[in-house]
>>> print(open('data23.cif').read())   # mmCIF, C-alpha atoms
data_model
#
loop_
_atom_site.label_atom_id
_atom_site.label_comp_id
_atom_site.auth_asym_id
_atom_site.auth_seq_id
_atom_site.Cartn_x
_atom_site.Cartn_y
_atom_site.Cartn_z
CA MET B 23 -39.53 -61.10 -21.88
CA LYS B 24 -37.22 -61.40 -18.83
CA LYS B 25 -39.03 -58.49 -17.12
CA ARG B 26 -42.39 -60.16 -17.70
CA ILE B 27 -41.16 -63.45 -16.22
CA SER B 28 -39.75 -61.58 -13.19
CA MET B 29 -43.07 -59.88 -12.51
CA ILE B 30 -44.85 -63.25 -12.66
CA ALA B 31 -42.31 -64.63 -10.20
CA LEU B 32 -42.97 -61.78 -7.79
CA LEU B 33 -46.70 -62.47 -7.92
CA LEU B 34 -46.28 -66.18 -7.32
CA ILE B 35 -43.73 -66.10 -4.49
CA PRO B 36 -46.01 -64.99 -1.57
CA PRO B 37 -48.59 -67.82 -1.97
CA PHE B 38 -45.76 -70.32 -2.33
CA LEU B 39 -44.15 -69.12 0.90
CA GLY B 40 -47.47 -69.06 2.74
CA SER B 41 -48.11 -72.69 1.81
CA CYS B 42 -44.83 -73.67 3.48
CA VAL B 43 -45.58 -72.08 6.85
CA PRO B 44 -47.08 -74.40 9.50
CA GLN B 45 -50.14 -73.05 11.28
CA GLY B 46 -50.65 -72.65 15.01
CA GLY B 47 -48.44 -71.46 17.89
CA SER B 48 -44.83 -70.60 17.16
CA GLY B 49 -45.13 -72.57 13.92
CA GLN B 50 -46.83 -69.54 12.38
CA MET B 51 -43.45 -67.85 12.06
CA MET B 52 -41.01 -68.25 9.18
CA GLY B 53 -37.62 -66.84 10.20
CA ALA B 54 -36.43 -63.67 8.50
CA GLY B 55 -33.33 -65.58 7.48
CA GLY B 56 -35.37 -68.11 5.49
CA GLY B 57 -37.32 -65.33 3.84
CA ALA B 58 -34.13 -63.48 3.02
CA ALA B 59 -32.66 -66.58 1.39
CA VAL B 60 -35.70 -67.02 -0.83
CA GLY B 61 -35.63 -63.31 -1.59
CA ALA B 62 -31.98 -63.47 -2.57
CA LEU B 63 -32.74 -66.24 -5.05
CA LEU B 64 -35.60 -64.14 -6.39
CA GLY B 65 -33.27 -61.16 -6.74
CA GLN B 66 -30.81 -63.25 -8.75
CA ALA B 67 -33.61 -64.43 -11.00
CA ILE B 68 -34.64 -60.83 -11.56
CA GLY B 69 -31.32 -59.18 -12.21
CA HIS B 70 -28.42 -61.67 -12.03
CA ASP B 71 -26.31 -59.10 -10.15
CA THR B 72 -25.36 -58.20 -6.60
CA LYS B 73 -27.75 -55.24 -6.35
CA SER B 74 -30.73 -57.33 -7.39
CA THR B 75 -29.72 -60.07 -4.95
CA LEU B 76 -29.60 -57.59 -2.06
CA ILE B 77 -32.98 -56.15 -3.02
CA GLY B 78 -34.42 -59.64 -3.17
CA ALA B 79 -32.95 -60.49 0.24
CA ALA B 80 -34.59 -57.41 1.74
CA LEU B 81 -37.93 -58.41 0.25
CA GLY B 82 -37.50 -61.90 1.62
CA ALA B 83 -36.73 -60.60 5.09
CA ALA B 84 -39.96 -58.61 4.99
CA VAL B 85 -41.80 -61.81 4.07
CA GLY B 86 -40.28 -63.46 7.17
CA TRP B 87 -41.63 -60.67 9.37
CA GLY B 88 -44.97 -60.95 7.60
CA THR B 89 -45.46 -64.38 9.17
CA VAL B 90 -44.24 -63.42 12.64
CA ALA B 91 -45.78 -65.58 15.37
CA LEU B 92 -48.65 -64.00 17.28
CA MET B 93 -48.50 -65.83 20.59
CA GLN B 94 -51.34 -64.04 22.34
CA GLN B 95 -53.88 -61.26 21.71
CA ASN B 96 -56.27 -60.06 24.40
CA SER B 97 -58.45 -57.06 25.17
CA LYS B 98 -60.09 -56.20 28.49
CA PRO B 99 -61.73 -53.37 30.45
CA VAL B 100 -59.42 -51.74 33.00
CA ARG B 101 -61.46 -48.69 34.12
CA SER B 102 -65.16 -47.95 34.40
CA ALA B 103 -66.60 -44.88 32.67
CA GLU B 104 -66.64 -43.08 36.03
CA GLU B 105 -63.05 -44.04 36.85
CA ASP B 106 -61.89 -43.06 33.37
CA GLY B 107 -63.59 -39.69 33.65
CA HIS B 108 -62.06 -39.10 37.08
CA VAL B 109 -58.52 -40.02 35.96
CA TYR B 110 -58.53 -38.01 32.75
CA GLY B 111 -60.99 -35.24 33.58
CA LEU B 112 -63.23 -36.01 30.63
CA ALA B 113 -65.65 -33.30 29.53
CA ALA B 114 -69.28 -33.63 28.42
CA LEU B 115 -70.35 -36.72 26.49
CA PRO B 116 -69.58 -36.57 22.75
CA ASP B 117 -72.13 -36.62 19.93
CA SER B 118 -70.50 -39.73 18.42
CA PRO B 119 -68.08 -42.44 19.67
CA LEU B 120 -64.70 -40.99 20.66
CA VAL B 121 -61.47 -42.93 21.28
CA LYS B 122 -58.23 -41.68 22.80
CA ILE B 123 -55.04 -43.71 23.28
CA ARG B 124 -53.58 -42.96 26.70
CA ARG B 125 -50.39 -44.99 26.36
CA GLY B 126 -48.82 -47.30 23.81
CA SER B 127 -45.91 -49.43 25.00
CA SER B 128 -43.64 -52.29 23.95
CA ASN B 129 -41.75 -54.37 26.53
CA PRO B 130 -39.02 -55.28 27.09
CA LYS B 131 -37.24 -52.35 25.47
CA GLU B 132 -34.27 -54.46 24.37
CA VAL B 133 -34.56 -58.04 23.14
CA ARG B 134 -32.59 -60.60 21.21
CA PRO B 135 -33.83 -62.53 18.17
CA GLY B 136 -36.16 -65.33 19.21
CA ALA B 137 -37.42 -63.48 22.31
CA GLN B 138 -40.95 -62.23 22.91
CA VAL B 139 -42.25 -58.66 23.00
CA THR B 140 -45.48 -57.59 24.69
CA ILE B 141 -47.36 -54.76 22.98
CA ASP B 142 -49.92 -52.81 25.02
CA THR B 143 -52.42 -50.09 24.15
CA ASP B 144 -54.24 -48.34 26.99
CA TYR B 145 -57.16 -46.29 25.65
CA SER B 146 -60.38 -44.52 26.59
CA LEU B 147 -63.74 -44.83 24.85
CA GLN B 148 -66.54 -42.31 25.27
CA LEU B 149 -70.02 -42.88 23.87
CA PRO B 150 -72.96 -40.51 23.36
CA ALA B 151 -75.73 -40.44 25.94
CA GLY B 152 -78.06 -43.42 25.49
CA THR B 153 -75.48 -45.54 23.59
CA GLN B 154 -74.66 -48.72 25.49
CA SER B 155 -71.82 -50.06 23.33
CA THR B 156 -70.10 -49.79 19.96
CA ASP B 157 -67.73 -51.77 17.72
CA VAL B 158 -64.04 -51.08 18.29
CA VAL B 159 -61.09 -52.19 16.14
CA GLU B 160 -57.67 -52.58 17.79
CA SER B 161 -54.62 -53.01 15.55
CA PHE B 162 -50.81 -52.96 15.51
CA ILE B 163 -48.33 -52.35 12.66
CA LEU B 164 -44.62 -53.21 12.95
CA LYS B 165 -42.17 -50.92 11.12
CA LYS B 166 -38.41 -50.48 10.75
CA ASP B 167 -36.56 -47.63 9.06
CA GLY B 168 -39.88 -46.10 8.05
CA LYS B 169 -41.03 -49.25 6.24
CA LYS B 170 -43.94 -51.50 7.19
CA LEU B 171 -42.84 -55.05 8.01
CA THR B 172 -46.09 -56.61 9.09
CA GLU B 173 -49.54 -55.89 10.50
CA LEU B 174 -51.03 -58.06 13.21
CA PRO B 175 -54.60 -59.27 12.63
CA PRO B 176 -56.95 -56.52 13.87
CA LYS B 177 -59.03 -57.43 16.90
CA ASN B 178 -62.72 -56.52 16.80
CA VAL B 179 -64.43 -55.97 20.15
CA GLN B 180 -67.58 -54.30 21.43
CA TYR B 181 -67.35 -52.00 24.43
CA GLY B 182 -69.25 -49.35 26.33
CA SER B 183 -67.66 -46.20 27.75
CA GLY B 184 -64.57 -46.68 29.91
CA GLY B 185 -60.86 -47.51 29.80
CA PHE B 186 -59.47 -50.59 28.05
CA LEU B 187 -56.21 -52.45 27.49
CA SER B 188 -55.33 -54.18 24.22
CA GLU B 189 -52.39 -56.58 24.52
CA ALA B 190 -50.51 -58.71 22.00
CA VAL B 191 -47.43 -60.91 22.43
CA ILE B 192 -45.21 -61.61 19.43
CA THR B 193 -42.05 -63.65 18.92
CA ILE B 194 -39.15 -61.91 17.19
CA PRO B 195 -37.88 -63.98 14.22
CA ALA B 196 -34.61 -65.75 15.02
CA SER B 197 -32.79 -63.97 12.18
CA ALA B 198 -34.25 -60.49 12.76
CA GLN B 199 -31.82 -57.71 11.91
CA PRO B 200 -30.56 -55.64 14.86
CA GLY B 201 -31.89 -52.11 15.22
CA THR B 202 -34.85 -50.08 16.42
CA TYR B 203 -38.35 -51.28 15.58
CA VAL B 204 -41.48 -49.14 15.79
CA ILE B 205 -44.94 -50.35 16.77
CA GLU B 206 -47.85 -48.26 15.50
CA HIS B 207 -50.81 -48.63 17.88
CA LYS B 208 -54.24 -47.80 16.46
CA VAL B 209 -57.75 -47.90 17.91
CA GLN B 210 -60.85 -47.01 15.90
CA ALA B 211 -64.55 -46.71 16.76
CA GLY B 212 -66.73 -45.55 13.88
CA THR B 213 -65.08 -42.48 12.33
CA SER B 214 -63.04 -41.75 15.46
CA TYR B 215 -59.53 -43.16 15.77
CA ASP B 216 -56.25 -42.48 17.54
CA VAL B 217 -52.68 -43.57 16.82
CA ASP B 218 -49.60 -43.83 19.03
CA GLU B 219 -46.10 -45.30 18.66
CA SER B 220 -43.72 -47.28 20.83
CA THR B 221 -40.30 -48.77 20.12
CA PHE B 222 -38.08 -51.68 21.04
CA ILE B 223 -34.52 -52.59 20.07
CA VAL B 224 -33.39 -55.93 18.68
CA GLN B 225 -29.81 -56.59 19.75
CA SER B 226 -27.30 -58.51 17.69
#
>>> encode(input="data23.cif", output="structure tokens")
Amino acid sequence: MKKRISMIALLLIPPFLGSCVPQGGSGQMMGAGGGAAVGALLGQAIGHDTKSTLIGAALGAAVGWGTVALMQQNSKPVRSAEEDGHVYGLAALPDSPLVKIRRGSSNPKEVRPGAQVTIDTDYSLQLPAGTQSTDVVESFILKKDGKKLTELPPKNVQYGSGGFLSEAVITIPASAQPGTYVIEHKVQAGTSYDVDESTFIVQS
């Protein structure tokens, strides 16, 4: 019976937390510390021991990152098709849309909790002859120690051939744990996609 109650609690916690998070601007973020506290209580409810409490705290911290504030998200052309072809020596036009990430970056490289990080993806898009534009999906996933913490809302754009820059600015939760964080950059157009990674360090 206790296991069944615990599973129900796990299912109910995320909506409850979401209802407590203000919307808009920096209010979109619930600190990792607050999430960890709720998680710790959940862990105690599940197992009534130290191990369960620690597991619950880790889950709660992930919830805090899941509501990280997205301060800005933009996408813009940075090179024409001719310029892109000249810079990267592109070959003949493809038979279907083709994307290639040229550089994924996160800056600054070292930040403290509460600071902002800018995430950039520079990529090329090539379209078949006669195709004016296509739908493109730009996305970012934040990971630590091989585990996914959160995924920013994907941005849907429509572009023709050329070079483009996708940029997002996030605020690091005030109680974020120190260590190295990995950003997975992904761009997809039809069945073609490319992935790159960048890192930044949160200092204590």
>>> axis_aligned_box(input="data23.cif", around="range 132-146 of chain B", padding_each_side="6 Å", output="JSON")
{"center_x": -46.5, "center_y": -54.9, "center_z": 22.6, "size_x": 39.8, "size_y": 32.8, "size_z": 20.8}
>>> residues_around(input="data23.cif", residues="Gly168 in chain B", least_positions_apart="5", cutoff="12 Å", atoms="only C-alpha atoms", output="list of chain:residue names")
B:Ile163, B:Thr202, B:Tyr203, B:Val204, B:Ile205, B:Glu206
>>> closest_residue(input="data23.cif", among="B:Ala196, B:Glu173, B:Gln210, B:Ser127", to="Gln148 in chain B", atoms="all atoms listed in the file")
B:Gln210
>>> atom_distance(input="data23.cif", atom1="CA of Leu149 in chain B", atom2="CA of Arg124 in chain B")
16.7 Å
>>> resolve_selection(input="data23.cif", expression="the PyMOL selection byres ((chain B and resi 101) around 7)", output="ChimeraX atom specification")
/B:99-100,102-103,105-106,184-186
>>> build_atoms(input="data23.cif", residues="range 123-139 of chain B", atoms="N, CA and C atoms", output="compact mmCIF listing (two decimals), keeping the file's coordinate frame")
# COMPACT_ATOMS: atom_id res chain seq x y z
N ILE B 123 -56.08 -42.84 22.73
CA ILE B 123 -55.04 -43.71 23.28
C ILE B 123 -54.32 -42.95 24.39
N ARG B 124 -54.26 -43.56 25.55
CA ARG B 124 -53.58 -42.96 26.70
C ARG B 124 -52.10 -43.33 26.74
N ARG B 125 -51.80 -44.56 26.33
CA ARG B 125 -50.39 -44.99 26.36
C ARG B 125 -50.21 -46.22 25.47
N GLY B 126 -49.23 -46.14 24.59
CA GLY B 126 -48.82 -47.30 23.81
C GLY B 126 -47.43 -47.70 24.28
N SER B 127 -47.22 -49.00 24.50
CA SER B 127 -45.91 -49.43 25.00
C SER B 127 -45.52 -50.78 24.42
N SER B 128 -44.20 -51.01 24.38
CA SER B 128 -43.64 -52.29 23.95
C SER B 128 -42.59 -52.70 24.98
N ASN B 129 -42.68 -53.91 25.49
CA ASN B 129 -41.75 -54.37 26.53
C ASN B 129 -41.35 -55.82 26.31
N PRO B 130 -40.08 -56.15 26.61
CA PRO B 130 -39.02 -55.28 27.09
C PRO B 130 -38.52 -54.33 26.01
N LYS B 131 -37.74 -53.35 26.40
CA LYS B 131 -37.24 -52.35 25.47
C LYS B 131 -36.11 -52.88 24.61
N GLU B 132 -35.37 -53.86 25.12
CA GLU B 132 -34.27 -54.46 24.37
C GLU B 132 -34.42 -55.98 24.41
N VAL B 133 -34.38 -56.59 23.23
CA VAL B 133 -34.56 -58.04 23.14
C VAL B 133 -33.56 -58.61 22.15
N ARG B 134 -33.41 -59.90 22.19
CA ARG B 134 -32.59 -60.60 21.21
C ARG B 134 -33.50 -61.40 20.28
N PRO B 135 -33.02 -61.72 19.09
CA PRO B 135 -33.83 -62.53 18.17
C PRO B 135 -34.32 -63.80 18.85
N GLY B 136 -35.57 -64.16 18.61
CA GLY B 136 -36.16 -65.33 19.21
C GLY B 136 -36.91 -65.05 20.50
N ALA B 137 -36.74 -63.84 21.06
CA ALA B 137 -37.42 -63.48 22.31
C ALA B 137 -38.83 -62.97 22.00
N GLN B 138 -39.59 -62.72 23.06
CA GLN B 138 -40.95 -62.23 22.91
C GLN B 138 -41.06 -60.77 23.33
N VAL B 139 -41.96 -60.05 22.68
CA VAL B 139 -42.25 -58.66 23.00
C VAL B 139 -43.75 -58.52 23.27
